[in-house]
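All remarks here apply to the structure that follows.
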Amino acid sequence: MCRPNTKYPDWDSPEDCARVFSYVAEDNYLAHSIREIEKTILRKHSINYHILIFKQGRDIPFKVFFRKNSCEIRIQDIEISSIISVRLRLAHEIGHLIYNIDLLPNSEKIDALNRRGTASLEEELFAWIFAFEMIKEKSGQYHDDMYKDYQFTPSELKKTIAALTSDIPELNAALNKRIRLAEAQA
């Protein structure tokens, strides 16, 4: 699975994208990866782009809204209690941004992204695999005990993703197959 029509050959797969953005600083927090993605958009598109994260009530689903110079990631208040769920959801929504990064300079295409009902199965698969790989990589970077709340095993990540995608059986099955395949190749 590749991102369609990308002009960034080093970002062929969600795994590649996660590796590109997971190691950016010695004291490497998820926020460092988010800032690195913003810098990459600036370098590649000459857009001073910001990834903004908001906490909201439980009535509004976890969602990303694309803008010309920013994307807004909305976190449901109810999910704040689960660190693994929040980190995976954040990485998942960032995966949507990475998948659609080529569209950022075009305001009409950005508007179309926001108007669509749901993303394609391919895009959802990309975003969830990106999230799995990104948080797996980040978890492996935390060696100090003070970061133990941010260290997750691949098994914990798979279990959480399965729970988060359980309402879409086709996606859940494709994710399980893809993650098993990636682990077998590692």
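Following the order of the structure tokens, chains are lettered A, B, ..., residues in each are numbered from 1, and ligands are numbered from 1.
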DSSP-assigned helix (DSSP H, G or I) among chain A, expressed as a PyMOL selection string
chain A and resi 9-11+14-22+30-45+77-81+83-99+101-103+107-115+121-141+145-150+154-164+169-185
Using C-alpha atoms, can you write the selected residues to a file as a compact mmCIF listing (two decimals), in the first residue's frame?
# COMPACT_ATOMS: atom_id res chain seq x y z
CA PRO A 9 9.45 9.05 -2.67
CA ASP A 10 10.97 8.59 0.81
CA TRP A 11 7.44 8.39 2.26
CA PRO A 14 3.06 4.40 6.62
CA GLU A 15 5.98 2.54 8.18
CA ASP A 16 8.46 4.74 6.26
CA CYS A 17 6.61 7.88 7.33
CA ALA A 18 6.60 6.82 10.98
CA ARG A 19 10.35 6.15 10.87
CA VAL A 20 11.03 9.51 9.19
CA PHE A 21 9.22 11.43 11.93
CA SER A 22 9.82 9.31 15.03
CA LEU A 30 5.61 13.00 20.46
CA ALA A 31 5.49 16.81 20.36
CA HIS A 32 8.95 16.83 18.72
CA SER A 33 7.62 14.62 15.92
CA ILE A 34 4.63 16.92 15.47
CA ARG A 35 6.94 19.95 15.19
CA GLU A 36 9.13 18.06 12.71
CA ILE A 37 6.09 17.38 10.51
CA GLU A 38 5.27 21.11 10.61
CA LYS A 39 8.86 21.95 9.58
CA THR A 40 8.69 19.41 6.77
CA ILE A 41 5.50 21.00 5.43
CA LEU A 42 7.21 24.40 5.58
CA ARG A 43 10.22 23.06 3.65
CA LYS A 44 8.22 21.15 1.06
CA HIS A 45 5.29 23.51 0.50
CA ASP A 77 -12.68 14.62 26.84
CA ILE A 78 -13.74 11.07 27.73
CA GLU A 79 -10.63 9.55 26.10
CA ILE A 80 -8.13 11.63 28.08
CA SER A 81 -8.01 8.94 30.79
CA ILE A 83 -2.91 7.53 27.48
CA ILE A 84 -2.44 4.76 24.93
CA SER A 85 -5.75 5.56 23.26
CA VAL A 86 -5.00 9.29 23.05
CA ARG A 87 -1.49 8.76 21.66
CA LEU A 88 -2.74 6.30 19.05
CA ARG A 89 -5.64 8.57 18.05
CA LEU A 90 -3.33 11.59 17.77
CA ALA A 91 -0.89 9.63 15.63
CA HIS A 92 -3.81 8.29 13.57
CA GLU A 93 -5.11 11.79 12.81
CA ILE A 94 -1.57 12.91 11.97
CA GLY A 95 -1.45 9.91 9.62
CA HIS A 96 -4.40 11.44 7.75
CA LEU A 97 -2.40 14.67 7.43
CA ILE A 98 0.64 12.79 6.11
CA TYR A 99 -1.53 10.82 3.66
CA ILE A 101 0.10 16.23 2.53
CA ASP A 102 0.28 16.75 -1.24
CA LEU A 103 -3.12 18.50 -1.15
CA SER A 107 -7.47 25.32 -0.79
CA GLU A 108 -10.21 23.69 -2.87
CA LYS A 109 -8.84 20.20 -2.21
CA ILE A 110 -8.51 20.97 1.51
CA ASP A 111 -12.15 22.07 1.59
CA ALA A 112 -13.14 18.84 -0.18
CA LEU A 113 -11.30 16.82 2.49
CA ASN A 114 -13.32 18.48 5.22
CA ARG A 115 -16.62 18.02 3.38
CA LEU A 121 -10.43 2.31 3.54
CA GLU A 122 -6.93 2.77 2.09
CA GLU A 123 -6.48 6.12 3.86
CA GLU A 124 -7.81 4.74 7.16
CA LEU A 125 -5.47 1.77 6.86
CA PHE A 126 -2.54 4.10 6.16
CA ALA A 127 -3.41 6.32 9.14
CA TRP A 128 -3.78 3.42 11.60
CA ILE A 129 -0.58 1.69 10.47
CA PHE A 130 1.23 5.02 10.72
CA ALA A 131 -0.17 5.40 14.27
CA PHE A 132 0.88 1.87 15.26
CA GLU A 133 4.42 2.34 13.91
CA MET A 134 4.82 5.88 15.29
CA ILE A 135 3.75 5.00 18.83
CA LYS A 136 5.71 1.73 18.73
CA GLU A 137 8.84 3.67 17.73
CA LYS A 138 8.20 6.35 20.36
CA SER A 139 7.62 3.69 23.04
CA GLY A 140 11.01 2.18 22.26
CA GLN A 141 12.71 5.55 22.72
CA ASP A 145 11.28 5.05 34.41
CA MET A 146 9.64 8.47 34.52
CA TYR A 147 8.30 7.73 31.00
CA LYS A 148 6.89 4.27 31.78
CA ASP A 149 3.35 5.56 31.16
CA TYR A 150 4.36 6.16 27.52
CA PRO A 154 3.24 -3.97 20.21
CA SER A 155 0.67 -6.31 21.72
CA GLU A 156 -0.86 -3.47 23.80
CA LEU A 157 -0.92 -1.24 20.74
CA LYS A 158 -2.61 -3.91 18.59
CA LYS A 159 -5.21 -4.60 21.28
CA THR A 160 -6.03 -0.89 21.64
CA ILE A 161 -6.24 -0.34 17.88
CA ALA A 162 -8.52 -3.38 17.59
CA ALA A 163 -10.81 -1.84 20.22
CA LEU A 164 -10.74 1.58 18.53
CA PRO A 169 -14.78 -4.96 10.71
CA GLU A 170 -13.28 -4.58 7.21
CA LEU A 171 -10.72 -2.08 8.51
CA ASN A 172 -10.02 -4.14 11.61
CA ALA A 173 -9.32 -7.27 9.53
CA ALA A 174 -7.08 -5.37 7.07
CA LEU A 175 -5.13 -3.81 9.96
CA ASN A 176 -4.57 -7.15 11.69
CA LYS A 177 -3.33 -8.68 8.44
CA ARG A 178 -1.02 -5.75 7.67
CA ILE A 179 0.45 -5.56 11.19
CA ARG A 180 1.08 -9.33 11.26
CA LEU A 181 2.79 -9.10 7.89
CA ALA A 182 4.99 -6.18 9.04
CA GLU A 183 5.97 -8.06 12.22
CA ALA A 184 6.87 -11.17 10.22
CA GLN A 185 9.16 -9.10 7.98
Every residue of chain A that DSSP places in strand (DSSP E), as an MDAnalysis selection string:
chainID A and resid 50:56 63:66 70:76
I'd like the interatomic distance between atom CA of Ser120 of chain A and atom CA of Thr165 of chain A, to a tenth of an Å.
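Between these atoms lies a distance of 14.1 Å.
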I'd like the interatomic distance between atom CA of Ile73 of chain A and atom CA of His50 of chain A, to a tenth of an Å.
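Result for atom CA of Ile73 of chain A versus atom CA of His50 of chain A: 10.7 Å, one decimal.
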Between atom CA of Phe65 of chain A and atom CA of Asn106 of chain A - distance in Å to one decimal
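About the pair atom CA of Asn106 of chain A and atom CA of Phe65 of chain A: they are 14.8 Å apart.
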